[in-house]
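Let me begin by presenting the structure, written as structure tokens, before commenting on it.
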Amino acid sequence: MPANKRIAVWMSEKKLQKMNWQELETVCEKHGFEVFKLDLNKNLEEQGPFCVFLHKLTDIIASANQGDIRSTQIISEVENYLAENPSITVFDPIPNVKRLLDRYNQYSIMEASNLHNYKVFTPNFCVLRNEDLDVIKNDLKNSLVTYPFICKPILGHGSRQAHEMSIIFDEKYLIDLGERHFYVERPSLKNFQASQRETIYFDSSDVSKADSKSRLSVLDPDDILCERWDPNPKTMEVIANILRKSFGMDLLGVDVVIEKTTGRYAIIDVNAYPGYDGFPNFLEALIECISNKVTSN
């Protein structure tokens, strides 16, 4: 255990309020840690030393990827400081978060894992980089992507556009283009069949909120009558453990759906430092994870 037990935290004010900062201070003190808010606009060296850096820099990383000068500077300063202080335990390593934010990289990492040995799969995917419809059709065909499919921005964080998606039903509309885990049920898109219907545009954050009443998540009568598949705790544990190792990250949120006809598990998205709504005693679990990681390092 390091001589200093200070935890530096950087998150947006909205995220900090949701976390309950006072409760975090209490839990940290209980476990012998001091927690403070890191100011990215001040010299990092002067705010040290600290043994843990807990962050959600996803939006700043995404802005840097899009060319924002100040965001690029901030990420560079943080990375340089961490490189000069390798004993700091980071939740989660910035290079790994960067990989996760690119949806193509994200799906490729999942596809390369051994999850398929447990009847867990990632739906077929491809990146559409060309505006030529013939090229798009060919890319979809080669990647075995069939209708209907969801079209997502390749960047998973950083702007409202990251959550703006569409369901493409037909080719004529292509022009529209830690050691502990816990799972909770959230609303999702209902089942859609291939058809001639027009493209549906939606914001994923509106559909998947715990209290969502979106018309897109209301099941059709035929689906209501179908047998319901309840998540298998062992399968969910396998998913959590394998993805934690594959991404080299501890604070992950994984979106899983169960295929109604086969019972297979499909992973459709992975997020860095999710909201953890519904996770019992989250702060205790978080500090336990931090303490174990610091001790092992």
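Residues in the structure tokens are numbered from 1 in each chain, the chains being A, B, ... in the order shown, and ligands are numbered from 1 in the order shown.
Residues in contact with Phe53 (chain A) at 8 Å, where only C-alpha atoms are counted and same-chain residues fewer than 3 positions away are skipped, are listed as Ile7, Ala8, Val9, Trp10, Phe50, Ile88, Thr89, Val90 and Phe91 of chain A.
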So which residues touch Asp102 (chain A) within 6 Å, counting only C-alpha atoms, skipping near sequence neighbours fewer than 3 positions away, as a list in words?
Arg99, Asn105, Ile154 and Leu155 of chain A
Among A:Asp277, A:Glu288, A:Glu259, A:Glu84, Phe33 (chain A) is approached most closely, using only C-alpha atoms, by A:Glu288
Contact residues around Val145 (chain A) with only C-alpha atoms at 7 Å, ignoring same-chain residues under 3 positions, as a PyMOL selection string
chain A and resi 124-125+140-141
Distance query Cys51 (chain A) at most 12 Å, only C-alpha atoms, self and fewer than 2 positions along chain excluded, as a PyMOL selection string
chain A and resi 1-9+33-36+47-49+53-54+82+85-91+290-291+293-295+297
From a DSSP pass on the backbone, collect the residues of region 52-122 of chain A flagged as strand (DSSP E) and hand them back as a count of residues only.
9
If I take CA of Arg264 (chain A) and CA of Ser113 (chain A), how far is one from the other in Å, to one decimal?
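Here the two named atoms are 16.2 Å from each other.
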Surrounding residues of Leu57 (chain A) excluding itself and chain neighbours under 2 positions, 9 Å, only C-alpha atoms, as a ChimeraX atom specification:
/A:10-12,55,59-62,75,94,97
Point out the residue among A:Glu79, A:Asp92, A:Asp255, A:Glu131 with the least atom-to-atom distance to Val52 (chain A), counting only C-alpha atoms.
A:Asp92
